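Below is entry10.tsv, which holds TSV, C-alpha atoms and all ligand atoms.
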```tsv
chain	number	residue	atom	x	y	z
E	296	MET	CA	20.17	138.66	103.51
E	297	THR	CA	17.19	140.73	104.52
E	298	LEU	CA	18.86	141.95	107.70
E	299	VAL	CA	21.16	144.29	105.88
E	300	SER	CA	18.81	144.84	102.99
E	301	GLY	CA	19.40	147.73	100.68
E	302	ARG	CA	22.84	148.71	99.56
E	303	GLN	CA	25.57	147.10	101.58
E	304	LEU	CA	29.07	145.79	101.08
E	305	LEU	CA	28.32	142.29	99.91
E	306	ASN	CA	25.57	143.16	97.42
E	307	THR	CA	27.18	146.10	95.64
E	308	ASP	CA	29.97	146.32	93.10
E	309	GLY	CA	32.01	148.97	91.34
E	310	GLU	CA	31.84	152.57	92.50
E	311	THR	CA	29.13	152.05	95.12
E	312	HIS	CA	31.04	149.19	96.70
E	313	ALA	CA	34.29	151.17	96.64
E	314	ARG	CA	32.55	154.14	98.28
E	315	LEU	CA	31.09	151.97	101.05
E	316	ARG	CA	34.28	149.99	101.52
E	317	GLY	CA	36.30	153.19	101.71
E	318	VAL	CA	34.55	154.16	104.95
E	319	LEU	CA	35.70	151.35	107.26
E	320	GLY	CA	38.26	149.48	105.16
E	321	PRO	CA	41.25	151.64	106.16
E	322	HIS	CA	40.27	151.42	109.85
E	323	LEU	CA	40.22	147.62	109.77
E	324	ALA	CA	43.53	147.15	107.98
E	325	THR	CA	46.35	145.29	109.75
E	326	ARG	CA	48.38	148.47	110.24
E	327	ALA	CA	45.43	150.42	111.63
E	328	LEU	CA	44.80	147.66	114.17
E	329	MET	CA	48.34	147.59	115.54
E	330	ASP	CA	47.44	149.84	118.45
E	331	LYS	CA	44.48	147.56	119.31
E	332	ARG	CA	46.75	144.66	120.27
E	333	PRO	CA	47.06	145.79	123.91
E	334	MET	CA	43.25	145.92	124.16
E	335	VAL	CA	42.95	142.37	122.78
E	336	THR	CA	45.76	141.13	125.04
E	337	ALA	CA	44.05	142.65	128.08
E	338	ALA	CA	40.70	141.10	127.12
E	339	VAL	CA	42.34	137.67	126.76
E	340	LYS	CA	43.98	138.04	130.17
E	341	VAL	CA	40.71	138.96	131.90
E	342	LEU	CA	39.01	135.90	130.41
E	343	LEU	CA	41.84	133.54	131.29
E	344	ASP	CA	41.85	134.91	134.87
E	345	ARG	CA	38.14	134.17	135.04
E	346	LEU	CA	38.74	130.55	133.96
E	347	ALA	CA	41.62	130.00	136.41
E	348	ASP	CA	39.62	127.92	138.92
E	349	GLU	CA	37.67	125.87	136.40
E	350	GLU	CA	38.29	122.18	135.79
E	351	HIS	CA	36.40	121.88	132.50
E	352	ILE	CA	35.46	124.54	130.00
E	353	ASP	CA	33.88	124.81	126.58
E	354	LEU	CA	36.33	126.67	124.36
E	355	VAL	CA	33.46	128.05	122.30
E	356	THR	CA	31.18	129.54	124.94
E	357	ASP	CA	33.68	130.14	127.76
E	358	PHE	CA	36.58	131.60	125.80
E	359	ALA	CA	36.22	132.26	122.06
E	360	GLU	CA	32.75	133.78	122.10
E	361	PRO	CA	33.17	136.14	125.08
E	362	LEU	CA	36.55	137.25	123.75
E	363	ASN	CA	35.11	138.02	120.34
E	364	THR	CA	32.20	139.92	121.89
E	365	VAL	CA	34.47	142.15	123.99
E	366	VAL	CA	36.81	142.86	121.09
E	367	ILE	CA	34.05	143.67	118.59
E	368	ALA	CA	32.16	145.79	121.16
E	369	ARG	CA	35.30	147.83	121.88
E	370	LEU	CA	36.19	148.24	118.20
E	371	LEU	CA	32.68	149.27	117.29
E	372	GLY	CA	32.24	151.42	120.37
E	373	VAL	CA	29.06	149.85	121.77
E	374	ALA	CA	28.26	148.32	125.16
E	375	GLU	CA	29.24	144.66	125.54
E	376	ASP	CA	25.76	143.43	126.43
E	377	ALA	CA	24.20	145.27	123.48
E	378	CYS	CA	26.87	143.82	121.19
E	379	ALA	CA	26.30	140.31	122.57
E	380	ALA	CA	22.52	140.62	122.05
E	381	ALA	CA	22.94	141.88	118.47
E	382	MET	CA	25.42	139.12	117.63
E	383	ALA	CA	23.08	136.49	119.07
E	384	CYS	CA	20.40	137.78	116.66
E	385	CYS	CA	22.95	137.60	113.82
E	386	ARG	CA	23.74	133.97	114.58
E	387	LEU	CA	20.07	133.08	114.61
E	388	LEU	CA	19.44	134.91	111.36
E	389	LEU	CA	22.43	133.32	109.65
E	390	GLY	CA	21.39	129.87	110.83
E	391	PRO	CA	19.27	127.20	109.16
E	392	ARG	CA	15.83	128.34	110.41
E	393	HIS	CA	13.11	129.45	107.97
E	394	PRO	CA	12.98	133.28	107.69
E	395	GLU	CA	9.20	133.30	108.29
E	396	GLU	CA	9.45	131.60	111.71
E	397	PRO	CA	8.27	133.93	114.52
E	398	GLU	CA	11.63	133.74	116.31
E	399	MET	CA	13.41	134.79	113.14
E	400	ARG	CA	11.04	137.70	112.63
E	401	SER	CA	11.57	138.95	116.17
E	402	ALA	CA	15.35	138.55	115.85
E	403	TYR	CA	15.21	140.57	112.65
E	404	LEU	CA	13.17	143.32	114.30
E	405	GLU	CA	15.38	143.37	117.40
E	406	MET	CA	18.49	143.55	115.26
E	407	SER	CA	17.11	146.32	113.01
E	408	GLU	CA	16.15	148.41	116.03
E	409	ALA	CA	19.52	147.87	117.70
E	410	LEU	CA	21.43	148.89	114.57
E	411	ALA	CA	19.36	152.05	114.07
E	412	GLU	CA	19.78	152.94	117.73
E	413	PHE	CA	23.56	152.45	117.68
E	414	VAL	CA	23.75	154.99	114.86
E	415	SER	CA	21.26	157.53	116.21
E	416	VAL	CA	22.68	157.50	119.77
E	417	ARG	CA	26.16	158.15	118.44
E	418	GLU	CA	24.88	160.91	116.19
E	419	HIS	CA	23.74	162.83	119.23
E	420	GLU	CA	27.05	162.43	121.02
E	421	ASP	CA	30.29	164.25	120.33
E	422	ALA	CA	32.12	162.66	117.42
E	423	GLY	CA	35.83	161.99	117.53
E	424	ASP	CA	35.93	158.74	119.47
E	425	ASP	CA	38.41	156.22	118.20
E	426	ASP	CA	35.87	153.58	117.19
E	427	LEU	CA	34.15	152.29	114.07
E	428	LEU	CA	30.76	153.74	114.96
E	429	SER	CA	32.30	157.22	115.06
E	430	VAL	CA	33.87	156.62	111.68
E	431	ILE	CA	30.50	155.54	110.23
E	432	VAL	CA	28.66	158.49	111.79
E	433	GLY	CA	31.45	160.80	110.58
E	434	ALA	CA	30.89	159.53	107.01
E	435	LEU	CA	27.14	160.03	107.44
E	436	ARG	CA	27.62	163.62	108.59
E	437	ALA	CA	29.97	164.26	105.71
E	438	ARG	CA	27.29	162.85	103.36
E	439	ARG	CA	29.62	160.17	102.04
E	440	ILE	CA	26.94	157.61	102.93
E	441	ARG	CA	23.19	157.70	103.56
E	442	ARG	CA	21.52	156.82	106.84
E	443	ARG	CA	20.33	153.45	105.59
E	444	GLU	CA	23.83	152.64	104.37
E	445	ALA	CA	25.24	153.62	107.76
E	446	VAL	CA	22.82	151.31	109.57
E	447	SER	CA	23.54	148.47	107.11
E	448	MET	CA	27.26	149.02	107.58
E	449	VAL	CA	27.00	148.44	111.32
E	450	GLY	CA	24.94	145.36	110.47
E	451	SER	CA	27.61	144.08	108.05
E	452	VAL	CA	30.28	144.37	110.74
E	453	LEU	CA	28.17	142.57	113.32
E	454	LEU	CA	27.06	139.85	110.91
E	455	GLY	CA	30.57	139.30	109.61
E	456	ALA	CA	32.03	139.26	113.09
E	457	SER	CA	29.29	137.36	114.91
E	458	SER	CA	30.51	133.83	114.41
E	459	PRO	CA	33.58	133.20	112.19
E	460	PRO	CA	36.19	134.58	114.62
E	461	VAL	CA	34.67	132.38	117.35
E	462	THR	CA	35.20	129.31	115.18
E	463	LEU	CA	38.74	130.37	114.33
E	464	ILE	CA	39.79	130.95	117.95
E	465	ALA	CA	38.17	127.73	119.21
E	466	VAL	CA	39.54	125.59	116.38
E	467	ALA	CA	43.05	127.05	116.58
E	468	CYS	CA	43.19	126.49	120.37
E	469	ALA	CA	41.85	122.95	119.89
E	470	LEU	CA	44.43	122.17	117.18
E	471	ALA	CA	47.16	123.39	119.53
E	472	LEU	CA	45.89	120.93	122.14
E	473	CYS	CA	45.77	117.90	119.87
E	474	ASP	CA	48.44	118.41	117.23
E	475	GLN	CA	52.04	118.51	118.40
E	476	ASP	CA	53.37	120.22	115.27
E	477	PHE	CA	50.73	122.89	115.55
E	478	ARG	CA	51.58	123.47	119.20
E	479	PHE	CA	55.30	123.56	118.43
E	480	THR	CA	54.73	126.12	115.67
E	481	VAL	CA	52.82	128.36	118.09
E	482	ALA	CA	55.40	127.90	120.86
E	483	SER	CA	58.31	128.66	118.55
E	484	GLY	CA	56.91	132.08	117.72
E	485	SER	CA	55.24	131.32	114.38
E	486	VAL	CA	51.68	131.68	115.58
E	487	GLU	CA	50.82	133.59	112.39
E	488	CYS	CA	51.58	130.47	110.27
E	489	ALA	CA	49.64	128.22	112.65
E	490	VAL	CA	46.59	130.49	112.51
E	491	GLU	CA	46.70	130.54	108.69
E	492	GLU	CA	46.77	126.73	108.68
E	493	ALA	CA	43.79	126.61	111.07
E	494	LEU	CA	41.95	128.94	108.67
E	495	ARG	CA	42.83	126.75	105.69
E	496	TYR	CA	42.07	123.43	107.34
E	497	GLN	CA	38.77	124.37	109.00
E	498	PRO	CA	37.46	127.52	107.26
E	499	PRO	CA	34.82	129.19	109.46
E	500	VAL	CA	32.95	130.31	106.33
E	501	SER	CA	32.79	127.45	103.87
E	502	PHE	CA	30.99	129.12	100.93
E	503	SER	CA	31.30	132.55	99.34
E	504	SER	CA	28.11	134.57	99.03
E	505	TRP	CA	26.22	134.57	95.72
E	506	ARG	CA	27.84	135.73	92.53
E	507	PHE	CA	25.85	136.22	89.30
E	508	ALA	CA	27.44	135.61	85.91
E	509	ARG	CA	27.61	138.77	83.79
E	510	GLU	CA	28.22	136.74	80.65
E	511	PRO	CA	28.04	133.05	79.70
E	512	LEU	CA	31.12	131.13	80.76
E	513	GLU	CA	32.35	127.63	81.42
E	514	ILE	CA	33.96	126.51	84.68
E	515	ALA	CA	35.63	123.09	84.71
E	516	GLY	CA	33.30	121.80	82.00
E	517	THR	CA	30.11	123.25	83.49
E	518	ARG	CA	28.27	125.84	81.45
E	519	ILE	CA	27.16	128.93	83.36
E	520	ASP	CA	24.58	131.14	81.63
E	521	ARG	CA	24.32	134.89	81.99
E	522	GLY	CA	22.55	135.67	85.29
E	523	ASP	CA	23.18	132.23	86.80
E	524	ALA	CA	24.09	132.20	90.48
E	525	VAL	CA	27.45	130.77	91.47
E	526	MET	CA	28.76	130.08	94.95
E	527	VAL	CA	32.37	129.15	95.56
E	528	LEU	CA	33.08	126.29	97.94
E	529	LEU	CA	35.98	127.93	99.74
E	530	ALA	CA	36.55	124.87	101.91
E	531	ALA	CA	37.22	122.71	98.82
E	532	ALA	CA	39.56	125.29	97.29
E	533	ASN	CA	41.54	125.19	100.52
E	534	ARG	CA	42.34	121.52	99.91
E	535	ASP	CA	43.10	121.80	96.20
E	536	PRO	CA	45.99	119.35	95.73
E	537	ARG	CA	47.48	121.61	93.02
E	538	VAL	CA	47.99	124.30	95.66
E	539	PHE	CA	48.37	122.43	98.95
E	540	ALA	CA	50.36	119.21	99.05
E	541	GLY	CA	48.74	116.90	101.60
E	542	GLY	CA	45.82	119.28	101.97
E	543	ASP	CA	43.93	116.87	104.23
E	544	ARG	CA	46.75	117.05	106.76
E	545	ILE	CA	47.58	119.87	109.14
E	546	VAL	CA	50.96	121.30	108.21
E	547	PRO	CA	51.20	124.37	110.43
E	548	ASP	CA	54.50	125.61	109.08
E	549	ARG	CA	53.57	125.59	105.38
E	550	SER	CA	55.98	127.98	103.76
E	551	GLY	CA	55.09	130.70	101.29
E	552	PRO	CA	52.04	132.95	101.15
E	553	ALA	CA	48.88	131.71	102.85
E	554	GLY	CA	47.07	130.89	99.59
E	555	HIS	CA	43.86	129.77	101.28
E	556	LEU	CA	40.52	131.33	100.36
E	557	SER	CA	39.03	131.45	103.85
E	558	PHE	CA	38.63	135.22	103.65
E	559	GLY	CA	37.50	135.14	100.00
E	560	GLN	CA	39.37	136.97	97.27
E	561	GLY	CA	39.13	140.14	95.20
E	562	PRO	CA	37.16	143.33	95.95
E	563	HIS	CA	34.95	141.59	98.54
E	564	TYR	CA	37.89	140.11	100.46
E	565	CYS	CA	36.86	139.93	104.12
E	566	MET	CA	37.04	143.37	105.66
E	567	GLY	CA	37.53	141.93	109.16
E	568	ALA	CA	40.35	139.51	108.33
E	569	ALA	CA	42.92	141.44	110.36
E	570	VAL	CA	40.58	141.61	113.38
E	571	ALA	CA	40.04	137.85	113.32
E	572	ARG	CA	43.74	137.12	112.85
E	573	LEU	CA	44.72	139.47	115.66
E	574	GLN	CA	42.32	137.80	118.10
E	575	ALA	CA	43.52	134.28	117.28
E	576	GLN	CA	47.20	135.24	117.23
E	577	VAL	CA	46.93	136.70	120.73
E	578	ALA	CA	44.49	134.14	122.18
E	579	VAL	CA	46.15	130.84	121.23
E	580	PRO	CA	49.63	131.32	122.77
E	581	ALA	CA	48.12	132.99	125.84
E	582	PHE	CA	45.76	130.04	126.37
E	583	LEU	CA	48.62	127.53	126.06
E	584	ASP	CA	50.82	129.53	128.43
E	585	ARG	CA	48.10	129.74	131.06
E	586	PHE	CA	46.94	126.12	130.81
E	587	PRO	CA	49.98	124.09	129.72
E	588	THR	CA	48.42	120.72	130.62
E	589	ALA	CA	44.98	121.37	129.11
E	590	ARG	CA	43.63	118.61	126.87
E	591	LEU	CA	40.61	118.00	124.67
E	592	VAL	CA	37.92	115.88	126.31
E	593	ARG	CA	37.04	114.34	122.92
E	594	PRO	CA	39.02	114.05	119.70
E	595	LEU	CA	38.50	117.04	117.44
E	596	GLU	CA	37.15	114.74	114.70
E	597	GLU	CA	34.13	114.01	116.92
E	598	THR	CA	33.15	117.68	117.08
E	599	VAL	CA	29.55	118.39	116.16
E	600	TRP	CA	29.27	121.38	113.83
E	601	GLU	CA	26.34	123.71	113.31
E	602	GLY	CA	25.63	126.17	110.53
E	603	VAL	CA	24.65	126.12	106.94
E	604	LEU	CA	26.12	127.36	103.71
E	605	GLY	CA	28.01	130.31	105.11
E	606	ASP	CA	29.08	130.13	108.73
E	607	ARG	CA	29.88	126.82	110.32
E	608	ARG	CA	31.00	126.52	113.89
E	609	PRO	CA	31.57	123.84	116.49
E	610	VAL	CA	28.64	123.40	118.87
E	611	SER	CA	31.18	122.96	121.66
E	612	VAL	CA	34.84	122.04	122.19
E	613	GLU	CA	35.23	120.69	125.69
E	614	VAL	CA	38.58	120.98	127.40
E	615	ALA	CA	39.90	119.65	130.71
E	616	LEU	CA	42.09	122.45	131.98
E	617	ARG	CA	44.33	120.39	134.27
F	701	LIG	C1	37.78	134.08	110.87
F	701	LIG	C2	36.95	135.09	110.72
F	701	LIG	C3	36.29	135.48	109.41
F	701	LIG	C4	36.13	134.76	108.26
F	701	LIG	C5	36.59	133.34	107.98
F	701	LIG	C6	35.44	135.62	107.33
F	701	LIG	C7	35.12	135.26	106.01
F	701	LIG	C8	34.66	136.14	105.06
F	701	LIG	C9	34.52	135.83	103.67
F	701	LIG	C10	34.80	134.49	103.02
F	701	LIG	C11	34.10	136.96	103.03
F	701	LIG	C12	33.88	137.15	101.53
F	701	LIG	C13	32.53	136.67	101.13
F	701	LIG	C14	32.34	136.71	99.61
F	701	LIG	O1	33.28	137.09	98.87
F	701	LIG	O2	31.26	136.37	99.17
F	701	LIG	C15	33.93	137.98	104.05
F	701	LIG	C16	33.46	139.26	103.80
F	701	LIG	C17	33.24	140.19	104.80
F	701	LIG	N1	33.57	140.07	106.13
F	701	LIG	FE1	34.45	138.48	107.01
F	701	LIG	N2	35.17	136.81	107.92
F	701	LIG	C18	35.69	136.79	109.20
F	701	LIG	C19	35.66	137.80	110.13
F	701	LIG	C20	35.08	139.03	109.94
F	701	LIG	C21	35.04	140.09	110.93
F	701	LIG	C22	35.67	140.01	112.32
F	701	LIG	C23	34.37	141.12	110.36
F	701	LIG	C24	34.06	142.49	110.93
F	701	LIG	C25	34.87	143.14	111.75
F	701	LIG	C26	34.01	140.73	109.01
F	701	LIG	C27	33.33	141.52	108.11
F	701	LIG	C28	33.17	141.22	106.77
F	701	LIG	C29	32.56	142.13	105.82
F	701	LIG	C30	31.99	143.50	106.14
F	701	LIG	C31	32.61	141.48	104.57
F	701	LIG	C32	32.11	142.03	103.25
F	701	LIG	C33	33.27	142.71	102.53
F	701	LIG	C34	32.89	143.27	101.15
F	701	LIG	O3	31.89	142.81	100.57
F	701	LIG	O4	33.60	144.15	100.67
F	701	LIG	N3	34.47	139.46	108.81
F	701	LIG	N4	34.30	137.47	105.26
```

So that I can check it, write out the structure of this file as structure tokens.
Amino acid sequence: MTLVSGRQLLNTDGETHARLRGVLGPHLATRALMDKRPMVTAAVKVLLDRLADEEHIDLVTDFAEPLNTVVIARLLGVAEDACAAAMACCRLLLGPRHPEEPEMRSAYLEMSEALAEFVSVREHEDAGDDDLLSVIVGALRARRIRRREAVSMVGSVLLGASSPPVTLIAVACALALCDQDFRFTVASGSVECAVEEALRYQPPVSFSSWRFAREPLEIAGTRIDRGDAVMVLLAAANRDPRVFAGGDRIVPDRSGPAGHLSFGQGPHYCMGAAVARLQAQVAVPAFLDRFPTARLVRPLEETVWEGVLGDRRPVSVEVALR
């Protein structure tokens, strides 16, 4: 991905990756985010208040996307409109368009400028704010990372956060509206299980990024030579019958550890998993409480999806609120 070219989380391994990951990783862990729950709850409430008089909404553009923008802007410590503009560029750049198209080039330039400006503006302010940008600038000042790595790190957060949480929130709300077991699981206080099942059943990121074989190997009868590229189809792994009985069905109260691969696995395990989970775990029950008679306008199976190898998200999920 040219946008975050140079050293960044997804294209480094070993010591360099550990050094980069060590900057934000601890600040995005579940425990570190516990005190962010009130902020997320307040953001959900503001959005639901705004929707109170509507008859019909699109879960994607009217609820999931604005919620995700507010939450990521607050966590990162940037203005909401700047965050929304940068994430719009991310979605374009992650989409199916050819990288040489003029719109892609201008999105790339706009994004690069925005990232550099986020870092340089914060550098000239007092440090010590409780946000991710301060942590990144703190690491830059302490020479733990270089300027280019700092800029790429902001880019990695925005790229990673630009679309997948939107899909998760919209899909989990939609499942709660059309699947009685799912709704019951949420209502009975097990929203965590329901969200994991939404992640398994409709993974917002269906493929891992590239991996390159360090030595020849064989996977399920296919020979992989040294240097060959491999991508893991996470969505297929999530329905592996050896792991998930009835994997094509939604079973929101599956017992035991989550087991799905929607956030990847190993050293590159999604750094924003706890942020995405937190948003969905707060948003879904609050949406159901506020709009108890809401229903999907069309069956979820008729949803049109957009996206390519990585991100996939519903174009819209229309809901009648009453
Ligand atoms: C439902 C929401 C999300 C899903 C399904 C998701 C999925 C993934 C997956 C599958 C990977 C691993 C890719 C690989 O191994 O090739 C990953 C990595 C990553 N994600 Fe997420 N992601 C989500 C939300 C977020 C958010 C909210 C952020 C930022 C706050 C984020 C930031 C990152 C970063 C920085 C990496 C690279 C980690 C590394 O290489 O060490 N993601 N994500």

Handout entry: Close residues to ligand LIG 701 (chain F) using all atoms listed in the file, limit 7 Å, as number ranges by chain
Key = E: 304-305, 312, 316, 367, 451-453, 455-456, 459-460, 462-463, 494, 498-500, 502-505, 557-560, 562-568, 570-572

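Distances from E:Asp330, E:Asp606, E:Glu596, E:Glu492 to E:Leu388 were compared using only C-alpha atoms, and the smallest one belongs to E:Asp606.
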
Select from stretch 354-393 of chain E every residue with an atom at most 8 Å from any atom of stretch 407-428 of chain E, then for each give the shortest pair of atoms and their distance in Å to one decimal, using all atoms listed in the file, rows by chain and rising number, as CSV.
```
residue,atom,partner,partner_atom,distance
E:Arg369,CA,E:Asp426,CA,7.4
E:Leu370,CA,E:Asp426,CA,5.4
E:Leu371,CA,E:Leu427,CA,4.7
E:Gly372,CA,E:Asp426,CA,5.3
E:Val373,CA,E:Phe413,CA,7.3
E:Ala377,CA,E:Ala409,CA,7.9
E:Ala381,CA,E:Ala409,CA,6.9
```

Problem - Distance in Å - atom CA of E:Val486 versus atom CA of E:Ala578 - result: 10.1 Å

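The gap separating atom CA of E:Pro547 from atom CA of E:Asn533 is 13.9 Å, in Å to one decimal.
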
With the cut-off set at 12 Å and counting all atoms listed in the file, tabulate each residue of stretch 587-608 of chain E with an atom at most that distance from an atom of stretch 336-353 of chain E, showing the nearest atom pair and its distance in Å to one decimal, ordered by chain and increasing number, as a Markdown table.
```
| residue | atom | partner | partner_atom | distance |
| --- | --- | --- | --- | --- |
| E:Thr588 | CA | E:Glu350 | CA | 11.5 |
| E:Ala589 | CA | E:His351 | CA | 9.2 |
| E:Arg590 | CA | E:His351 | CA | 9.7 |
| E:Leu591 | CA | E:His351 | CA | 9.7 |
| E:Val592 | CA | E:His351 | CA | 8.8 |
| E:Arg593 | CA | E:Asp353 | CA | 11.5 |
| E:Thr598 | CA | E:Asp353 | CA | 11.9 |
```

Handout entry: Pairwise distance for atom CA of E:Arg537 and atom CA of E:Arg607, rounded to one decimal in Å
Key = 25.2 Å

Practice task
Quick one: everything within 8 Å of E:Ala368, counting only C-alpha atoms, minus sequence neighbours fewer than 6 positions away in the same chain. Send it as a ChimeraX atom specification.
Solution key: /E:374-375,378

Expected file contents, prior selection, C-alpha atoms, as a PDB file, in the coordinates of the input:
```
ATOM      1  CA  ALA E 374      28.260 148.320 125.160  1.00  0.00           C
ATOM      2  CA  GLU E 375      29.240 144.660 125.540  1.00  0.00           C
ATOM      3  CA  CYS E 378      26.870 143.820 121.190  1.00  0.00           C
TER       4      CYS E 378
END
```

Problem - Counting only C-alpha atoms, the residue of E:Arg400, E:Arg314, E:Arg478, E:Arg441 that sits nearest E:Asp584 - result: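 Looking at the shortest contact to E:Asp584, the residue is E:Arg478.
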
Handout entry: 10 Å contact set for stretch 467-470 of chain E, all atoms listed in the file, chain neighbours under 3 positions out, as a PyMOL selection string
Key = chain E and resi 354+358-359+461-464+473-478+481+486+489-494+496-497+545+547+575-576+578-583+589-591+594-595+612-614

Which centre and edge lengths in Å to one decimal define the box along x, y and z that fits every listed atom of stretch 382-395 of chain E plus 4 Å per side, as lines of an AutoDock Vina configuration file?
```
center_x = 17.3
center_y = 133.2
center_z = 113.4
size_x = 24.2
size_y = 19.9
size_z = 19.4
```

Practice task
Kindly indicate which residue among E:Arg544, E:Arg617, E:Arg439, E:Arg506 lies nearest to E:Val527, using only C-alpha atoms for the distances.
Solution key: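 Checking each candidate against E:Val527, we get E:Arg506 as the closest.
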
Practice task
Go through E:Gly522, E:Ala383, E:Pro391, E:Cys488 and flag the residue nearest E:Gly554, using only C-alpha atoms for the distances.
Solution key: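 Under the stated criterion, the closest residue is E:Cys488.
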
Fill in the blank from the handout: Counting all atoms listed in the file, closest pick from E:Thr356, E:Ser458, E:Asn363, E:Thr325 relative to E:Cys384 is E:Ser458
